[in-house]
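Text of protein_18.cif (mmCIF, C-alpha atoms, pLDDT in the B column; chains and numbers go by the auth columns) as supplied:
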data_target
loop_
_atom_site.group_PDB
_atom_site.id
_atom_site.type_symbol
_atom_site.label_atom_id
_atom_site.label_comp_id
_atom_site.label_asym_id
_atom_site.label_seq_id
_atom_site.Cartn_x
_atom_site.Cartn_y
_atom_site.Cartn_z
_atom_site.B_iso_or_equiv
_atom_site.auth_seq_id
_atom_site.auth_asym_id
ATOM 1 C CA MET A 1 0.000 0.000 0.000 47.00 1 A
ATOM 2 C CA LYS A 2 2.772 2.391 0.903 46.00 2 A
ATOM 3 C CA LYS A 3 4.501 1.557 -2.364 49.00 3 A
ATOM 4 C CA ALA A 4 1.326 2.423 -4.362 49.00 4 A
ATOM 5 C CA ILE A 5 0.931 5.757 -2.594 44.00 5 A
ATOM 6 C CA ALA A 6 4.584 6.613 -3.268 50.00 6 A
ATOM 7 C CA MET A 7 4.245 5.849 -6.938 53.00 7 A
ATOM 8 C CA PHE A 8 1.064 7.957 -7.131 45.00 8 A
ATOM 9 C CA LEU A 9 2.817 10.965 -5.535 47.00 9 A
ATOM 10 C CA ALA A 10 5.780 10.558 -7.889 49.00 10 A
ATOM 11 C CA LEU A 11 3.486 10.674 -10.916 48.00 11 A
ATOM 12 C CA ILE A 12 1.841 13.871 -9.620 46.00 12 A
ATOM 13 C CA LEU A 13 5.262 15.518 -9.102 46.00 13 A
ATOM 14 C CA VAL A 14 6.381 14.657 -12.651 46.00 14 A
ATOM 15 C CA GLY A 15 3.198 16.175 -14.067 50.00 15 A
ATOM 16 C CA VAL A 16 3.655 19.413 -12.147 43.00 16 A
ATOM 17 C CA LEU A 17 7.271 19.792 -13.304 42.00 17 A
ATOM 18 C CA SER A 18 6.314 19.157 -16.925 47.00 18 A
ATOM 19 C CA ALA A 19 3.622 21.841 -16.793 44.00 19 A
ATOM 20 C CA CYS A 20 6.053 24.407 -15.367 45.00 20 A
ATOM 21 C CA GLY A 21 8.575 23.652 -18.081 47.00 21 A
ATOM 22 C CA ALA A 22 6.003 24.213 -20.828 43.00 22 A
ATOM 23 C CA GLU A 23 4.933 27.581 -19.366 42.00 23 A
ATOM 24 C CA THR A 24 8.496 28.947 -19.219 40.00 24 A
ATOM 25 C CA LYS A 25 9.521 27.812 -22.706 39.00 25 A
ATOM 26 C CA THR A 26 6.714 29.445 -24.721 38.00 26 A
ATOM 27 C CA PRO A 27 7.418 33.133 -23.812 35.00 27 A
ATOM 28 C CA ASP A 28 11.124 32.744 -24.653 33.00 28 A
ATOM 29 C CA VAL A 29 10.358 31.602 -28.194 31.00 29 A
ATOM 30 C CA SER A 30 7.827 34.401 -28.727 31.00 30 A
ATOM 31 C CA VAL A 31 10.182 37.170 -27.530 34.00 31 A
ATOM 32 C CA ASN A 32 13.040 36.012 -29.738 37.00 32 A
ATOM 33 C CA ALA A 33 10.809 35.948 -32.802 37.00 33 A
ATOM 34 C CA ASN A 34 9.550 39.462 -32.121 40.00 34 A
ATOM 35 C CA ASN A 35 13.088 40.806 -31.691 38.00 35 A
ATOM 36 C CA GLU A 36 14.192 39.276 -34.984 37.00 36 A
ATOM 37 C CA ASP A 37 11.210 40.788 -36.819 38.00 37 A
ATOM 38 C CA SER A 38 11.894 44.170 -35.245 36.00 38 A
ATOM 39 C CA ASN A 39 15.560 44.129 -36.238 37.00 39 A
ATOM 40 C CA ARG A 40 14.671 43.013 -39.746 33.00 40 A
ATOM 41 C CA LEU A 41 12.211 45.898 -40.215 32.00 41 A
ATOM 42 C CA GLN A 42 14.733 48.459 -38.966 35.00 42 A
ATOM 43 C CA SER A 43 17.462 47.303 -41.342 34.00 43 A
ATOM 44 C CA ASP A 44 15.306 46.547 -44.387 38.00 44 A
ATOM 45 C CA PRO A 45 16.186 49.059 -47.202 36.00 45 A
ATOM 46 C CA LEU A 46 12.708 48.619 -48.653 34.00 46 A
ATOM 47 C CA SER A 47 10.955 49.690 -45.464 39.00 47 A
ATOM 48 C CA PRO A 48 8.214 52.359 -45.775 43.00 48 A
ATOM 49 C CA ASP A 49 10.462 55.021 -44.166 46.00 49 A
ATOM 50 C CA THR A 50 13.025 54.719 -46.971 46.00 50 A
ATOM 51 C CA GLY A 51 10.316 55.013 -49.587 51.00 51 A
ATOM 52 C CA ASN A 52 8.921 58.133 -47.942 55.00 52 A
ATOM 53 C CA ASN A 53 12.382 59.737 -47.921 58.00 53 A
ATOM 54 C CA SER A 54 12.768 58.993 -51.636 55.00 54 A
ATOM 55 C CA ARG A 55 9.409 60.493 -52.453 52.00 55 A
ATOM 56 C CA SER A 56 10.208 63.540 -50.331 59.00 56 A
ATOM 57 C CA GLN A 57 13.465 64.106 -52.247 59.00 57 A
ATOM 58 C CA ASN A 58 11.660 63.832 -55.585 60.00 58 A
ATOM 59 C CA GLN A 59 9.060 66.316 -54.415 61.00 59 A
ATOM 60 C CA GLU A 60 11.790 68.755 -53.376 60.00 60 A
ATOM 61 C CA GLU A 61 13.432 68.476 -56.811 58.00 61 A
ATOM 62 C CA GLU A 62 10.114 69.099 -58.558 59.00 62 A
ATOM 63 C CA GLU A 63 9.375 72.090 -56.338 63.00 63 A
ATOM 64 C CA ALA A 64 12.822 73.550 -57.026 64.00 64 A
ATOM 65 C CA SER A 65 12.273 73.106 -60.765 67.00 65 A
ATOM 66 C CA SER A 66 8.879 74.823 -60.571 72.00 66 A
ATOM 67 C CA ARG A 67 10.539 77.935 -59.084 94.00 67 A
ATOM 68 C CA ILE A 68 12.711 78.524 -62.187 97.00 68 A
ATOM 69 C CA LEU A 69 11.631 80.824 -65.002 98.00 69 A
ATOM 70 C CA ILE A 70 13.561 80.858 -68.277 98.00 70 A
ATOM 71 C CA ALA A 71 12.774 84.207 -69.897 98.00 71 A
ATOM 72 C CA TYR A 72 14.292 84.900 -73.298 98.00 72 A
ATOM 73 C CA PHE A 73 14.145 87.186 -76.327 98.00 73 A
ATOM 74 C CA SER A 74 14.810 85.669 -79.728 97.00 74 A
ATOM 75 C CA VAL A 75 14.123 86.341 -83.414 95.00 75 A
ATOM 76 C CA PRO A 76 14.176 83.356 -85.818 91.00 76 A
ATOM 77 C CA GLU A 77 15.686 84.964 -88.901 85.00 77 A
ATOM 78 C CA ASP A 78 14.879 84.024 -92.472 80.00 78 A
ATOM 79 C CA VAL A 79 17.722 82.169 -94.168 66.00 79 A
ATOM 80 C CA SER A 80 16.062 81.742 -97.536 68.00 80 A
ATOM 81 C CA THR A 81 18.772 83.868 -99.169 49.00 81 A
ATOM 82 C CA THR A 82 22.408 82.745 -99.372 37.00 82 A
ATOM 83 C CA ASP A 83 23.771 86.108 -98.214 49.00 83 A
ATOM 84 C CA ALA A 84 21.883 85.881 -94.940 46.00 84 A
ATOM 85 C CA VAL A 85 23.024 82.417 -93.889 47.00 85 A
ATOM 86 C CA ALA A 86 26.481 83.393 -92.629 49.00 86 A
ATOM 87 C CA GLY A 87 25.251 85.917 -90.084 53.00 87 A
ATOM 88 C CA ALA A 88 21.728 84.690 -89.360 58.00 88 A
ATOM 89 C CA SER A 89 20.664 83.473 -85.924 72.00 89 A
ATOM 90 C CA VAL A 90 18.493 80.450 -86.585 74.00 90 A
ATOM 91 C CA VAL A 91 18.352 76.729 -85.857 83.00 91 A
ATOM 92 C CA VAL A 92 15.939 74.240 -87.405 75.00 92 A
ATOM 93 C CA ARG A 93 14.828 71.569 -84.936 72.00 93 A
ATOM 94 C CA ASP A 94 12.279 68.894 -85.831 76.00 94 A
ATOM 95 C CA GLY A 95 11.238 71.007 -88.789 77.00 95 A
ATOM 96 C CA ILE A 96 10.649 74.099 -86.624 83.00 96 A
ATOM 97 C CA ARG A 97 12.716 77.234 -87.201 85.00 97 A
ATOM 98 C CA MET A 98 13.990 78.748 -83.951 92.00 98 A
ATOM 99 C CA GLY A 99 16.169 81.699 -83.143 93.00 99 A
ATOM 100 C CA ASN A 100 19.499 80.784 -81.565 95.00 100 A
ATOM 101 C CA THR A 101 18.481 82.062 -78.144 97.00 101 A
ATOM 102 C CA GLU A 102 15.135 80.266 -78.306 96.00 102 A
ATOM 103 C CA TYR A 103 16.888 77.015 -79.147 96.00 103 A
ATOM 104 C CA VAL A 104 19.292 77.387 -76.225 97.00 104 A
ATOM 105 C CA ALA A 105 16.405 78.275 -73.885 98.00 105 A
ATOM 106 C CA ASN A 106 14.639 75.046 -74.819 97.00 106 A
ATOM 107 C CA LEU A 107 17.777 72.999 -74.157 97.00 107 A
ATOM 108 C CA ILE A 108 18.168 74.676 -70.769 98.00 108 A
ATOM 109 C CA GLN A 109 14.602 73.764 -69.852 97.00 109 A
ATOM 110 C CA GLU A 110 15.195 70.158 -70.885 96.00 110 A
ATOM 111 C CA THR A 111 18.253 70.110 -68.620 96.00 111 A
ATOM 112 C CA VAL A 112 17.187 71.973 -65.460 96.00 112 A
ATOM 113 C CA GLY A 113 13.412 72.138 -65.787 96.00 113 A
ATOM 114 C CA GLY A 114 11.488 75.337 -65.147 97.00 114 A
ATOM 115 C CA ASP A 115 8.974 77.328 -67.179 97.00 115 A
ATOM 116 C CA LEU A 116 9.663 79.020 -70.509 98.00 116 A
ATOM 117 C CA PHE A 117 8.640 82.618 -71.145 98.00 117 A
ATOM 118 C CA ARG A 118 9.278 84.300 -74.461 98.00 118 A
ATOM 119 C CA ILE A 119 9.672 88.083 -74.401 98.00 119 A
ATOM 120 C CA GLU A 120 7.570 89.227 -77.356 98.00 120 A
ATOM 121 C CA THR A 121 6.777 92.660 -78.752 98.00 121 A
ATOM 122 C CA VAL A 122 3.596 94.158 -80.147 98.00 122 A
ATOM 123 C CA GLU A 123 5.396 95.035 -83.376 97.00 123 A
ATOM 124 C CA ASN A 124 7.101 92.045 -84.950 96.00 124 A
ATOM 125 C CA TYR A 125 10.742 92.277 -85.877 97.00 125 A
ATOM 126 C CA PRO A 126 11.807 91.751 -89.496 95.00 126 A
ATOM 127 C CA LEU A 127 13.159 88.277 -90.220 92.00 127 A
ATOM 128 C CA ASP A 128 15.567 89.404 -92.913 92.00 128 A
ATOM 129 C CA HIS A 129 19.013 89.549 -91.352 90.00 129 A
ATOM 130 C CA ASP A 130 20.256 92.853 -92.771 92.00 130 A
ATOM 131 C CA THR A 131 16.958 94.627 -92.100 95.00 131 A
ATOM 132 C CA LEU A 132 16.895 93.288 -88.530 95.00 132 A
ATOM 133 C CA VAL A 133 20.463 94.432 -87.866 94.00 133 A
ATOM 134 C CA ASP A 134 19.656 97.939 -89.102 96.00 134 A
ATOM 135 C CA GLN A 135 16.494 98.160 -87.002 97.00 135 A
ATOM 136 C CA ALA A 136 18.336 96.980 -83.891 97.00 136 A
ATOM 137 C CA ALA A 137 20.959 99.691 -84.381 98.00 137 A
ATOM 138 C CA GLY A 138 18.290 102.347 -84.886 98.00 138 A
ATOM 139 C CA GLU A 139 16.401 101.339 -81.747 98.00 139 A
ATOM 140 C CA GLN A 140 19.584 101.405 -79.739 97.00 140 A
ATOM 141 C CA ASP A 141 20.539 104.871 -80.954 98.00 141 A
ATOM 142 C CA ALA A 142 17.073 106.172 -80.094 98.00 142 A
ATOM 143 C CA GLY A 143 16.908 104.423 -76.715 98.00 143 A
ATOM 144 C CA LYS A 144 13.605 102.918 -77.791 98.00 144 A
ATOM 145 C CA ARG A 145 11.555 100.744 -75.463 98.00 145 A
ATOM 146 C CA PRO A 146 9.381 98.451 -77.616 98.00 146 A
ATOM 147 C CA THR A 147 6.002 97.603 -76.102 98.00 147 A
ATOM 148 C CA LEU A 148 5.741 94.009 -74.981 98.00 148 A
ATOM 149 C CA SER A 149 2.832 91.758 -75.917 98.00 149 A
ATOM 150 C CA SER A 150 3.706 88.967 -73.463 97.00 150 A
ATOM 151 C CA HIS A 151 3.571 89.380 -69.697 97.00 151 A
ATOM 152 C CA ILE A 152 4.361 87.219 -66.651 97.00 152 A
ATOM 153 C CA GLU A 153 1.254 86.684 -64.542 92.00 153 A
ATOM 154 C CA ASN A 154 2.811 84.982 -61.505 95.00 154 A
ATOM 155 C CA LEU A 155 6.333 86.321 -61.080 97.00 155 A
ATOM 156 C CA ASP A 156 6.200 85.896 -57.287 96.00 156 A
ATOM 157 C CA GLN A 157 6.308 82.109 -57.557 96.00 157 A
ATOM 158 C CA TYR A 158 9.797 82.139 -59.096 98.00 158 A
ATOM 159 C CA ASP A 159 13.040 82.362 -57.155 97.00 159 A
ATOM 160 C CA THR A 160 15.404 82.105 -60.138 98.00 160 A
ATOM 161 C CA ILE A 161 15.174 83.908 -63.469 98.00 161 A
ATOM 162 C CA ILE A 162 17.385 82.545 -66.244 98.00 162 A
ATOM 163 C CA LEU A 163 17.473 85.446 -68.680 98.00 163 A
ATOM 164 C CA GLY A 164 18.528 84.880 -72.283 98.00 164 A
ATOM 165 C CA TYR A 165 19.106 87.229 -75.200 98.00 165 A
ATOM 166 C CA PRO A 166 21.276 87.756 -78.282 97.00 166 A
ATOM 167 C CA ASN A 167 24.066 90.323 -78.171 98.00 167 A
ATOM 168 C CA TRP A 168 22.908 93.121 -80.473 97.00 168 A
ATOM 169 C CA TRP A 169 25.569 95.725 -81.216 97.00 169 A
ATOM 170 C CA GLY A 170 27.345 95.018 -77.917 97.00 170 A
ATOM 171 C CA ASP A 171 24.196 95.575 -75.866 98.00 171 A
ATOM 172 C CA LEU A 172 20.910 94.073 -74.737 98.00 172 A
ATOM 173 C CA PRO A 173 18.146 94.034 -77.336 98.00 173 A
ATOM 174 C CA MET A 174 15.834 96.913 -76.524 98.00 174 A
ATOM 175 C CA PRO A 175 12.864 94.619 -75.689 98.00 175 A
ATOM 176 C CA VAL A 176 14.991 93.195 -72.858 98.00 176 A
ATOM 177 C CA TYR A 177 15.373 96.745 -71.527 98.00 177 A
ATOM 178 C CA THR A 178 11.583 96.986 -71.530 98.00 178 A
ATOM 179 C CA PHE A 179 11.351 93.657 -69.701 98.00 179 A
ATOM 180 C CA LEU A 180 13.826 94.716 -67.003 98.00 180 A
ATOM 181 C CA GLU A 181 11.987 98.007 -66.487 98.00 181 A
ATOM 182 C CA GLU A 182 8.588 96.294 -66.304 98.00 182 A
ATOM 183 C CA TYR A 183 9.445 93.800 -63.566 98.00 183 A
ATOM 184 C CA ASP A 184 11.051 94.143 -60.145 98.00 184 A
ATOM 185 C CA LEU A 185 13.311 91.126 -59.644 98.00 185 A
ATOM 186 C CA SER A 186 14.421 92.087 -56.138 98.00 186 A
ATOM 187 C CA GLY A 187 15.242 89.091 -53.970 98.00 187 A
ATOM 188 C CA LYS A 188 15.544 86.791 -56.965 98.00 188 A
ATOM 189 C CA THR A 189 18.599 85.217 -58.554 98.00 189 A
ATOM 190 C CA VAL A 190 19.121 86.273 -62.165 98.00 190 A
ATOM 191 C CA ILE A 191 21.322 84.041 -64.323 98.00 191 A
ATOM 192 C CA PRO A 192 22.089 85.556 -67.740 98.00 192 A
ATOM 193 C CA PHE A 193 22.852 83.592 -70.886 98.00 193 A
ATOM 194 C CA VAL A 194 23.734 85.058 -74.266 98.00 194 A
ATOM 195 C CA THR A 195 24.124 84.014 -77.884 97.00 195 A
ATOM 196 C CA HIS A 196 26.552 86.075 -79.911 96.00 196 A
ATOM 197 C CA GLY A 197 28.722 86.371 -82.997 93.00 197 A
ATOM 198 C CA GLY A 198 31.991 86.749 -81.087 95.00 198 A
ATOM 199 C CA SER A 199 31.415 89.546 -78.550 96.00 199 A
ATOM 200 C CA GLY A 200 30.212 87.433 -75.658 97.00 200 A
ATOM 201 C CA PHE A 201 28.268 89.385 -73.050 98.00 201 A
ATOM 202 C CA SER A 202 29.968 92.735 -73.739 98.00 202 A
ATOM 203 C CA SER A 203 28.698 94.992 -70.908 97.00 203 A
ATOM 204 C CA THR A 204 25.228 93.468 -70.648 98.00 204 A
ATOM 205 C CA ILE A 205 25.728 91.844 -67.234 98.00 205 A
ATOM 206 C CA ARG A 206 26.658 95.203 -65.718 98.00 206 A
ATOM 207 C CA THR A 207 23.568 96.682 -67.351 98.00 207 A
ATOM 208 C CA ILE A 208 21.322 94.021 -65.808 98.00 208 A
ATOM 209 C CA SER A 209 22.895 94.595 -62.383 98.00 209 A
ATOM 210 C CA ARG A 210 22.356 98.347 -62.710 98.00 210 A
ATOM 211 C CA MET A 211 18.716 97.957 -63.753 98.00 211 A
ATOM 212 C CA GLN A 212 17.938 95.351 -61.087 98.00 212 A
ATOM 213 C CA PRO A 213 19.935 96.447 -58.012 98.00 213 A
ATOM 214 C CA GLY A 214 17.801 94.329 -55.685 98.00 214 A
ATOM 215 C CA ALA A 215 18.446 91.102 -57.572 98.00 215 A
ATOM 216 C CA GLN A 216 21.409 88.793 -57.185 98.00 216 A
ATOM 217 C CA VAL A 217 22.927 88.645 -60.667 98.00 217 A
ATOM 218 C CA SER A 218 24.924 85.430 -60.890 97.00 218 A
ATOM 219 C CA ASP A 219 28.491 85.230 -62.171 96.00 219 A
ATOM 220 C CA ASN A 220 27.827 81.659 -63.306 96.00 220 A
ATOM 221 C CA THR A 221 26.650 82.671 -66.755 98.00 221 A
ATOM 222 C CA LEU A 222 26.369 80.891 -70.099 98.00 222 A
ATOM 223 C CA SER A 223 27.829 82.337 -73.303 98.00 223 A
ATOM 224 C CA ILE A 224 27.335 80.482 -76.593 97.00 224 A
ATOM 225 C CA SER A 225 28.784 81.561 -79.915 96.00 225 A
ATOM 226 C CA ARG A 226 26.517 81.602 -82.935 92.00 226 A
ATOM 227 C CA ASN A 227 28.781 79.048 -84.621 92.00 227 A
ATOM 228 C CA GLY A 228 28.447 76.629 -81.708 93.00 228 A
ATOM 229 C CA VAL A 229 24.721 76.804 -81.037 94.00 229 A
ATOM 230 C CA ALA A 230 23.802 73.636 -82.929 89.00 230 A
ATOM 231 C CA ASP A 231 26.242 71.555 -80.859 93.00 231 A
ATOM 232 C CA CYS A 232 25.940 73.252 -77.478 96.00 232 A
ATOM 233 C CA LYS A 233 24.075 70.554 -75.540 95.00 233 A
ATOM 234 C CA ASP A 234 27.185 69.236 -73.775 97.00 234 A
ATOM 235 C CA GLN A 235 28.184 72.786 -72.850 97.00 235 A
ATOM 236 C CA ILE A 236 24.741 73.367 -71.343 97.00 236 A
ATOM 237 C CA ASN A 237 24.950 70.121 -69.363 97.00 237 A
ATOM 238 C CA GLU A 238 28.306 71.126 -67.874 96.00 238 A
ATOM 239 C CA TRP A 239 26.997 74.585 -67.050 97.00 239 A
ATOM 240 C CA ALA A 240 23.925 73.076 -65.369 95.00 240 A
ATOM 241 C CA LYS A 241 26.169 70.889 -63.203 94.00 241 A
ATOM 242 C CA SER A 242 28.106 73.963 -62.109 93.00 242 A
ATOM 243 C CA LEU A 243 24.807 75.466 -60.966 90.00 243 A
ATOM 244 C CA GLY A 244 24.128 72.370 -58.895 85.00 244 A
ATOM 245 C CA ALA A 245 21.355 71.294 -61.255 69.00 245 A
ATOM 246 C CA SER A 246 21.014 67.808 -62.694 56.00 246 A
ATOM 247 C CA ALA A 247 19.421 66.591 -65.878 51.00 247 A
ATOM 248 C CA HIS A 248 15.671 67.095 -65.636 53.00 248 A
ATOM 249 C CA LYS A 249 14.750 64.570 -68.295 48.00 249 A
#
How would this structure read if it were set down as structure tokens?
Amino acid sequence: MKKAIAMFLALILVGVLSACGAETKTPDVSVNANNEDSNRLQSDPLSPDTGNNSRSQNQEEEEASSRILIAYFSVPEDVSTTDAVAGASVVVRDGIRMGNTEYVANLIQETVGGDLFRIETVENYPLDHDTLVDQAAGEQDAGKRPTLSSHIENLDQYDTIILGYPNWWGDLPMPVYTFLEEYDLSGKTVIPFVTHGGSGFSSTIRTISRMQPGAQVSDNTLSISRNGVADCKDQINEWAKSLGASAHK
């Protein structure tokens, strides 16, 4: 009888110990699994936080691009006569005739983004090269300010104005004078670019600085010779990099 009771008590003790062992083992396994999952989520490069950072960076780049205005004056000259070809300022792209400055402005937009704005006048300029050159000289001598037909409606949204023009008789075209007198660019960065037949900017950057004393006129400018316009894409890319801008497209 005593032996039966002893065996019964031994069986009860074994059962109790087994139950305790099962209770202590289960939490250990669960905690380890949770820690591994937590570490994996923190180190996973495809985690939602990384994606949000990427989207945020893209949004910042798009916002920066939307604050750039590329304003330019350009006349696509007629090259139907042989005599005009040598001095004319024109590029044909995809069957469309563009003035040199217009062509460069489009390449700049493709590189850094931004909005294009063409400075246009109420009275159209002649497309014949010799006639255009004579008219430009006459306007300069008279200090004429041609009336503009195009106007910027939302200038306040732009922080940077990339301003392009051809060098006419060592000076700004007179419509660009009108443009600079019409708008106050104070607090904005103005980056000039010019197309020319060999004179570069001449004194035009000083003129822009004088007419817009409240603007920051950049020294990081772009000068493209008439003879190099058709092949200037690489030059524009290098210039854009120097501005801290990357290819937009």
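Shell of stretch 177-184 of chain A at 8 Å, with all atoms listed in the file counted and residues fewer than 3 places along the chain excluded, is Ile119, Arg145, Pro146, Thr147, Leu148, Leu172, Pro173, Met174, Ile208, Met211 and Gln212 of chain A.
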List every residue of stretch 86-163 of chain A that has an atom at most 8 Å from any atom of stretch 235-242 of chain A, and for each one report the closest atom pair and its distance in Å to one decimal, counting only C-alpha atoms, with rows sorted by chain and then by increasing residue number, as a Markdown table.
| residue | atom | partner | partner_atom | distance |
| --- | --- | --- | --- | --- |
| A:Leu107 | CA | A:Ile236 | CA | 7.5 |
| A:Ile108 | CA | A:Ile236 | CA | 6.7 |
| A:Thr111 | CA | A:Asn237 | CA | 6.7 |
| A:Val112 | CA | A:Ala240 | CA | 6.8 |
Can you give me, as a PyMOL selection string, the residues this file yields under the PyMOL selection byres ((chain A and resi 163-167) around 8)?
chain A and resi 70-74+100-101+105+161-162+168-173+176+190-197+199-202
What's the 7 Å shell around stretch 90-96 of chain A, counting only C-alpha atoms, without same-chain residues fewer than 4 positions away, as a list in words?
Pro76, Glu77, Asn100, Tyr103 and Ala230 of chain A
